[in-house]
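Shown below: my_file.pdb, with PDB, C-alpha atoms.
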```pdb
ATOM      1  CA  MET A 736     -16.084 -12.126   5.257
ATOM      2  CA  ALA A 737     -16.041  -8.861   3.315
ATOM      3  CA  GLU A 738     -12.828  -7.122   2.403
ATOM      4  CA  ARG A 739     -11.641  -4.692   5.076
ATOM      5  CA  TYR A 740      -8.777  -2.537   6.273
ATOM      6  CA  LEU A 741      -6.443  -3.989   8.800
ATOM      7  CA  PRO A 742      -5.681  -1.943  11.967
ATOM      8  CA  GLY A 743      -3.809   1.250  11.242
ATOM      9  CA  GLY A 744      -5.860   2.230   8.203
ATOM     10  CA  GLY A 745      -7.744   5.487   7.983
ATOM     11  CA  PRO A 746      -8.470   8.532   5.842
ATOM     12  CA  PHE A 747      -5.554   9.994   3.894
ATOM     13  CA  SER A 748      -4.826  11.656   0.567
ATOM     14  CA  PRO A 749      -4.308   9.536  -2.564
ATOM     15  CA  ARG A 750      -0.586  10.400  -2.586
ATOM     16  CA  ASP A 751      -0.290   9.274   1.030
ATOM     17  CA  PHE A 752      -2.096   6.108   0.030
ATOM     18  CA  PHE A 753       0.360   5.344  -2.777
ATOM     19  CA  GLU A 754       3.202   5.611  -0.264
ATOM     20  CA  ARG A 755       1.585   3.521   2.468
ATOM     21  CA  LEU A 756      -0.546   0.988   0.582
ATOM     22  CA  PRO A 757      -2.205  -0.197   3.789
ATOM     23  CA  PRO A 758      -2.927  -3.938   3.721
ATOM     24  CA  LEU A 759      -6.332  -5.204   2.643
ATOM     25  CA  GLU A 760      -7.841  -8.539   3.563
ATOM     26  CA  THR A 761     -10.487 -10.552   1.690
ATOM     27  CA  PRO A 762     -11.833 -14.011   2.519
ATOM     28  CA  ARG A 763      -8.988 -15.820   0.729
ATOM     29  CA  LEU A 764      -6.396 -13.146   0.060
ATOM     30  CA  MET A 765      -4.121 -10.598   1.649
ATOM     31  CA  LEU A 766      -3.163  -7.550  -0.403
ATOM     32  CA  ARG A 767       0.036  -5.926   0.842
ATOM     33  CA  ARG A 768       3.105  -3.989  -0.251
ATOM     34  CA  LEU A 769       5.708  -5.993  -2.108
ATOM     35  CA  THR A 770       9.216  -6.523  -0.736
ATOM     36  CA  MET A 771      12.436  -7.937  -2.142
ATOM     37  CA  ARG A 772      11.649 -11.162  -0.271
ATOM     38  CA  ASP A 773       8.839 -11.771  -2.784
ATOM     39  CA  ALA A 774      11.248 -12.223  -5.700
ATOM     40  CA  GLN A 775      11.065 -16.018  -5.917
ATOM     41  CA  ASP A 776       7.255 -16.101  -5.793
ATOM     42  CA  ILE A 777       6.936 -13.428  -8.466
ATOM     43  CA  PHE A 778       9.570 -15.005 -10.709
ATOM     44  CA  ALA A 779       7.748 -18.348 -10.497
ATOM     45  CA  TYR A 780       4.745 -16.954 -12.374
ATOM     46  CA  SER A 781       6.143 -13.939 -14.242
ATOM     47  CA  ARG A 782       8.451 -16.176 -16.267
ATOM     48  CA  ASP A 783       5.330 -17.710 -17.882
ATOM     49  CA  PRO A 784       4.781 -16.213 -21.376
ATOM     50  CA  GLU A 785       1.024 -16.773 -21.037
ATOM     51  CA  VAL A 786       0.904 -14.631 -17.884
ATOM     52  CA  ALA A 787       2.894 -11.893 -19.645
ATOM     53  CA  ARG A 788       0.962 -12.134 -22.908
ATOM     54  CA  HIS A 789      -1.580  -9.391 -22.214
ATOM     55  CA  VAL A 790       0.347  -7.146 -19.823
ATOM     56  CA  LEU A 791       2.814  -4.413 -20.703
ATOM     57  CA  TRP A 792       5.875  -6.204 -19.295
ATOM     58  CA  SER A 793       7.743  -9.088 -20.885
ATOM     59  CA  ALA A 794       8.103 -12.515 -19.310
ATOM     60  CA  HIS A 795      10.979 -12.503 -16.850
ATOM     61  CA  ARG A 796      13.963 -14.479 -18.095
ATOM     62  CA  THR A 797      15.928 -14.621 -14.831
ATOM     63  CA  ILE A 798      15.480 -13.791 -11.164
ATOM     64  CA  PHE A 799      17.466 -10.620 -11.865
ATOM     65  CA  ASP A 800      14.577  -9.340 -14.018
ATOM     66  CA  THR A 801      12.249  -9.884 -11.080
ATOM     67  CA  ARG A 802      14.548  -8.126  -8.652
ATOM     68  CA  ALA A 803      14.812  -5.162 -11.011
ATOM     69  CA  TYR A 804      11.011  -5.045 -11.165
ATOM     70  CA  LEU A 805      10.791  -5.075  -7.372
ATOM     71  CA  ARG A 806      13.339  -2.263  -7.073
ATOM     72  CA  PHE A 807      11.148  -0.246  -9.444
ATOM     73  CA  ILE A 808       8.069  -0.945  -7.293
ATOM     74  CA  LEU A 809       9.876   0.024  -4.093
ATOM     75  CA  ARG A 810      10.971   3.283  -5.709
ATOM     76  CA  GLN A 811       7.350   3.999  -6.632
ATOM     77  CA  TYR A 812       6.343   3.521  -2.986
ATOM     78  CA  ARG A 813       9.056   5.922  -1.796
ATOM     79  CA  GLU A 814       8.134   8.557  -4.370
ATOM     80  CA  ARG A 815       4.389   8.297  -3.607
ATOM     81  CA  GLU A 816       3.554   7.233  -7.155
ATOM     82  CA  PRO A 817       0.709   4.909  -8.229
ATOM     83  CA  SER A 818       1.865   1.346  -7.657
ATOM     84  CA  SER A 819       0.813  -2.230  -6.969
ATOM     85  CA  TYR A 820      -0.114  -4.575  -4.161
ATOM     86  CA  GLY A 821       1.136  -8.110  -3.977
ATOM     87  CA  ILE A 822      -1.739 -10.613  -3.922
ATOM     88  CA  VAL A 823      -0.981 -13.213  -1.254
ATOM     89  CA  LEU A 824      -2.964 -16.444  -1.075
ATOM     90  CA  LYS A 825      -3.714 -16.977   2.610
ATOM     91  CA  ALA A 826      -3.743 -20.753   2.283
ATOM     92  CA  THR A 827      -0.081 -20.839   1.227
ATOM     93  CA  GLY A 828       1.368 -17.438   2.129
ATOM     94  CA  ARG A 829       2.701 -17.119  -1.434
ATOM     95  CA  VAL A 830       2.414 -14.132  -3.768
ATOM     96  CA  ILE A 831       0.275 -15.212  -6.724
ATOM     97  CA  GLY A 832      -0.099 -11.891  -8.548
ATOM     98  CA  THR A 833      -0.301  -8.126  -8.336
ATOM     99  CA  ILE A 834      -3.057  -5.530  -8.496
ATOM    100  CA  GLY A 835      -2.801  -1.811  -8.204
ATOM    101  CA  PHE A 836      -2.816   1.623  -9.737
ATOM    102  CA  MET A 837      -1.344   2.309 -13.142
ATOM    103  CA  SER A 838      -2.040   6.048 -13.150
ATOM    104  CA  TYR A 839      -3.676   8.820 -11.134
ATOM    105  CA  SER A 840      -5.137  12.155 -12.236
ATOM    106  CA  GLN A 841      -5.541  14.534  -9.322
ATOM    107  CA  GLU A 842      -7.414  17.063 -11.468
ATOM    108  CA  ASN A 843      -9.996  14.503 -12.560
ATOM    109  CA  SER A 844      -9.951  12.357  -9.407
ATOM    110  CA  THR A 845      -9.413   9.288 -11.600
ATOM    111  CA  VAL A 846      -7.241   6.199 -11.283
ATOM    112  CA  GLU A 847      -6.549   3.332 -13.660
ATOM    113  CA  VAL A 848      -6.183  -0.128 -12.159
ATOM    114  CA  GLY A 849      -4.361  -3.121 -13.591
ATOM    115  CA  TYR A 850      -3.552  -6.646 -12.491
ATOM    116  CA  SER A 851      -1.791  -9.918 -13.284
ATOM    117  CA  LEU A 852      -2.164 -13.405 -11.852
ATOM    118  CA  ALA A 853      -0.275 -16.692 -11.859
ATOM    119  CA  ARG A 854      -1.733 -19.151 -14.367
ATOM    120  CA  SER A 855      -2.243 -21.737 -11.598
ATOM    121  CA  ALA A 856      -4.665 -19.275  -9.942
ATOM    122  CA  TRP A 857      -6.787 -18.490 -13.024
ATOM    123  CA  ASN A 858     -10.544 -19.150 -13.068
ATOM    124  CA  GLN A 859     -10.905 -19.405  -9.293
ATOM    125  CA  GLY A 860     -12.347 -15.970  -8.554
ATOM    126  CA  TYR A 861      -9.215 -14.594  -6.922
ATOM    127  CA  MET A 862      -8.879 -11.535  -9.143
ATOM    128  CA  THR A 863     -12.551 -10.638  -8.763
ATOM    129  CA  GLU A 864     -12.033 -10.774  -4.995
ATOM    130  CA  ALA A 865      -8.939  -8.575  -5.199
ATOM    131  CA  LEU A 866     -10.470  -6.040  -7.577
ATOM    132  CA  ARG A 867     -13.519  -5.593  -5.362
ATOM    133  CA  ALA A 868     -11.215  -4.774  -2.453
ATOM    134  CA  VAL A 869      -9.310  -2.179  -4.491
ATOM    135  CA  LEU A 870     -12.540  -0.622  -5.763
ATOM    136  CA  ARG A 871     -13.862  -0.336  -2.216
ATOM    137  CA  LEU A 872     -10.657   1.335  -1.100
ATOM    138  CA  SER A 873     -10.671   3.718  -4.057
ATOM    139  CA  PHE A 874     -14.220   4.924  -3.560
ATOM    140  CA  GLU A 875     -14.795   4.717   0.169
ATOM    141  CA  ASP A 876     -11.412   5.718   1.569
ATOM    142  CA  MET A 877      -9.520   7.546  -1.170
ATOM    143  CA  ARG A 878     -12.783   9.192  -2.308
ATOM    144  CA  ILE A 879     -11.825   8.751  -5.950
ATOM    145  CA  HIS A 880     -14.481   9.835  -8.456
ATOM    146  CA  ARG A 881     -13.713   7.395 -11.295
ATOM    147  CA  VAL A 882     -11.830   4.101 -11.598
ATOM    148  CA  GLU A 883     -10.868   2.859 -15.071
ATOM    149  CA  ALA A 884      -9.472  -0.429 -16.365
ATOM    150  CA  GLN A 885      -8.731  -1.768 -19.825
ATOM    151  CA  HIS A 886      -7.876  -5.065 -21.432
ATOM    152  CA  GLU A 887      -6.807  -6.222 -24.863
ATOM    153  CA  VAL A 888      -9.759  -7.399 -26.952
ATOM    154  CA  ASP A 889      -8.353 -10.925 -27.195
ATOM    155  CA  ASN A 890      -8.256 -11.260 -23.398
ATOM    156  CA  PRO A 891     -11.990 -11.472 -22.589
ATOM    157  CA  ALA A 892     -11.421 -13.163 -19.221
ATOM    158  CA  SER A 893     -10.109  -9.866 -17.885
ATOM    159  CA  GLY A 894     -13.284  -8.103 -18.996
ATOM    160  CA  ALA A 895     -15.364 -10.740 -17.209
ATOM    161  CA  VAL A 896     -13.607  -9.827 -13.948
ATOM    162  CA  MET A 897     -14.403  -6.147 -14.473
ATOM    163  CA  ARG A 898     -18.070  -6.844 -15.201
ATOM    164  CA  LYS A 899     -18.415  -9.090 -12.139
ATOM    165  CA  CYS A 900     -17.213  -6.156 -10.046
ATOM    166  CA  GLY A 901     -19.815  -3.831 -11.577
ATOM    167  CA  MET A 902     -17.579  -1.891 -13.945
ATOM    168  CA  VAL A 903     -19.299  -0.629 -17.093
ATOM    169  CA  HIS A 904     -18.016  -1.250 -20.609
ATOM    170  CA  GLU A 905     -17.561   2.147 -22.262
ATOM    171  CA  GLY A 906     -16.185   1.190 -25.659
ATOM    172  CA  THR A 907     -13.374  -0.196 -27.778
ATOM    173  CA  LEU A 908     -10.259   1.932 -28.230
ATOM    174  CA  ARG A 909      -8.624   1.057 -31.535
ATOM    175  CA  GLY A 910      -4.849   0.678 -31.574
ATOM    176  CA  ARG A 911      -4.714   2.039 -28.010
ATOM    177  CA  ILE A 912      -1.505   0.344 -26.876
ATOM    178  CA  TYR A 913       1.688  -0.983 -28.424
ATOM    179  CA  ASN A 914       2.453  -4.321 -26.808
ATOM    180  CA  LYS A 915       4.711  -7.217 -27.767
ATOM    181  CA  GLY A 916       5.512  -5.739 -31.168
ATOM    182  CA  ARG A 917       1.984  -4.824 -32.253
ATOM    183  CA  PHE A 918      -0.697  -2.203 -31.767
ATOM    184  CA  SER A 919      -3.665  -3.634 -29.880
ATOM    185  CA  ASP A 920      -7.293  -2.639 -29.541
ATOM    186  CA  VAL A 921      -8.511  -2.506 -25.949
ATOM    187  CA  GLU A 922     -11.864  -2.571 -24.186
ATOM    188  CA  LEU A 923     -12.369   0.272 -21.715
ATOM    189  CA  TYR A 924     -14.324  -0.220 -18.489
ATOM    190  CA  ALA A 925     -15.044   2.262 -15.722
ATOM    191  CA  MET A 926     -16.942   2.752 -12.497
ATOM    192  CA  LEU A 927     -17.949   6.016 -10.805
ATOM    193  CA  ARG A 928     -18.246   6.477  -7.078
ATOM    194  CA  SER A 929     -21.988   7.007  -7.579
ATOM    195  CA  ASP A 930     -22.148   3.578  -9.286
ATOM    196  CA  TRP A 931     -20.342   2.008  -6.343
ATOM    197  CA  GLU A 932     -22.617   3.663  -3.803
ATOM    198  CA  ALA A 933     -25.713   2.552  -5.712
ATOM    199  CA  ARG A 934     -24.491  -1.052  -5.656
ATOM    200  CA  ARG A 935     -23.838  -0.847  -1.916
ATOM    201  CA  ARG A 936     -27.350   0.368  -1.097
TER     202      ARG A 936
END
```

So that I can check it, write out the structure of this file as structure tokens.
Amino acid sequence: MAERYLPGGGPFSPRDFFERLPPLETPRLMLRRLTMRDAQDIFAYSRDPEVARHVLWSAHRTIFDTRAYLRFILRQYREREPSSYGIVLKATGRVIGTIGFMSYSQENSTVEVGYSLARSAWNQGYMTEALRAVLRLSFEDMRIHRVEAQHEVDNPASGAVMRKCGMVHEGTLRGRIYNKGRFSDVELYAMLRSDWEARRR
């Protein structure tokens, strides 16, 4: 089964999209808006230093860190800002990660996507499945021109996900981000809507 909108989806502006985040379904996953009820699931994996190692947030120390994160996400929804889906594993109904939009440029019709995943769900193709769904939504429904993603150079597994989804490596950005007390080089990937359409033909 290919990823698809659930009933109630339809054409809307990117800002409307950031507010609504209509649910997406893939063969094994449901992508949906996060709620405060997801706190325990998210804390279970976000407390893992290995999960937090290559993202821009620190490992959660207590459930209160997770609840603060969720309040931030809910505020982003209300204010129609780029934000994240919860990745729900259909087999269990549990949130196993997030994927979504880190930034949006209206002038350039460009978004940056980012993601994180519970360590127990690594190397099973879940993130590739989720990223394909978000790419489809970005190009076919939001009509975005360019989708970007980046990963630290010492996290090659993330780059493998991007390549599997057809994103193109565009170069290494030296000292691009400051994370966990150090400046890190990152690999930049991107896909244009014309690339997506060519792959679909």

Find the residues of segment 827-880 of chain A that sit at most 8 Å from segment 756-768 of chain A; for each, write down the nearest two atoms and how far apart they are in Å, to one decimal. Count all atoms listed in the file. Sort by chain, then by number going up, and give it as JSON lines.
```
{"residue": "A:Tyr861", "atom": "CA", "partner": "A:Leu764", "partner_atom": "CA", "distance": 7.7}
{"residue": "A:Glu864", "atom": "CA", "partner": "A:Thr761", "partner_atom": "CA", "distance": 6.9}
{"residue": "A:Ala865", "atom": "CA", "partner": "A:Thr761", "partner_atom": "CA", "distance": 7.3}
{"residue": "A:Ala868", "atom": "CA", "partner": "A:Leu759", "partner_atom": "CA", "distance": 7.1}
```

Which residues come within 6 Å of Gly832 of chain A, counting only C-alpha atoms, excluding same-chain residues fewer than 6 positions away, as a PyMOL selection string?
chain A and resi 822+851-853

Find the residues of segment 756-838 of chain A that sit at most 12 Å from segment 881-905 of chain A; for each, write down the nearest two atoms and how far apart they are in Å, to one decimal. Count all atoms listed in the file. Sort by chain, then by number going up, and give it as JSON lines.
```
{"residue": "A:Glu785", "atom": "CA", "partner": "A:Asn890", "partner_atom": "CA", "distance": 11.0}
{"residue": "A:Val786", "atom": "CA", "partner": "A:Asn890", "partner_atom": "CA", "distance": 11.2}
{"residue": "A:Ala787", "atom": "CA", "partner": "A:Asn890", "partner_atom": "CA", "distance": 11.8}
{"residue": "A:Arg788", "atom": "CA", "partner": "A:Asn890", "partner_atom": "CA", "distance": 9.3}
{"residue": "A:His789", "atom": "CA", "partner": "A:Glu887", "partner_atom": "CA", "distance": 6.7}
{"residue": "A:Val790", "atom": "CA", "partner": "A:His886", "partner_atom": "CA", "distance": 8.6}
{"residue": "A:Leu791", "atom": "CA", "partner": "A:Glu887", "partner_atom": "CA", "distance": 10.6}
{"residue": "A:Ile834", "atom": "CA", "partner": "A:Ala884", "partner_atom": "CA", "distance": 11.4}
{"residue": "A:Gly835", "atom": "CA", "partner": "A:Ala884", "partner_atom": "CA", "distance": 10.6}
{"residue": "A:Phe836", "atom": "CA", "partner": "A:Val882", "partner_atom": "CA", "distance": 9.5}
{"residue": "A:Met837", "atom": "CA", "partner": "A:Ala884", "partner_atom": "CA", "distance": 9.2}
{"residue": "A:Ser838", "atom": "CA", "partner": "A:Glu883", "partner_atom": "CA", "distance": 9.6}
```

Residues just named, written with C-alpha atoms as a PDB file, in the frame of the given file:
```pdb
ATOM      1  CA  GLU A 785       1.024 -16.773 -21.037  1.00  0.00           C
ATOM      2  CA  VAL A 786       0.904 -14.631 -17.884  1.00  0.00           C
ATOM      3  CA  ALA A 787       2.894 -11.893 -19.645  1.00  0.00           C
ATOM      4  CA  ARG A 788       0.962 -12.134 -22.908  1.00  0.00           C
ATOM      5  CA  HIS A 789      -1.580  -9.391 -22.214  1.00  0.00           C
ATOM      6  CA  VAL A 790       0.347  -7.146 -19.823  1.00  0.00           C
ATOM      7  CA  LEU A 791       2.814  -4.413 -20.703  1.00  0.00           C
ATOM      8  CA  ILE A 834      -3.057  -5.530  -8.496  1.00  0.00           C
ATOM      9  CA  GLY A 835      -2.801  -1.811  -8.204  1.00  0.00           C
ATOM     10  CA  PHE A 836      -2.816   1.623  -9.737  1.00  0.00           C
ATOM     11  CA  MET A 837      -1.344   2.309 -13.142  1.00  0.00           C
ATOM     12  CA  SER A 838      -2.040   6.048 -13.150  1.00  0.00           C
TER      13      SER A 838
END
```

Taking 3 positions as the minimum chain separation for residues in the same chain, which residues sit within 12 Å of Gln811 of chain A when counting all atoms listed in the file? Answer as a count of residues only.
24

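Remark: for Glu847 of chain A, the closest of the candidate residues A:Ala925, A:Leu824, A:Ala933, A:Ala779 is A:Ala925 (distances computed over all atoms listed in the file).
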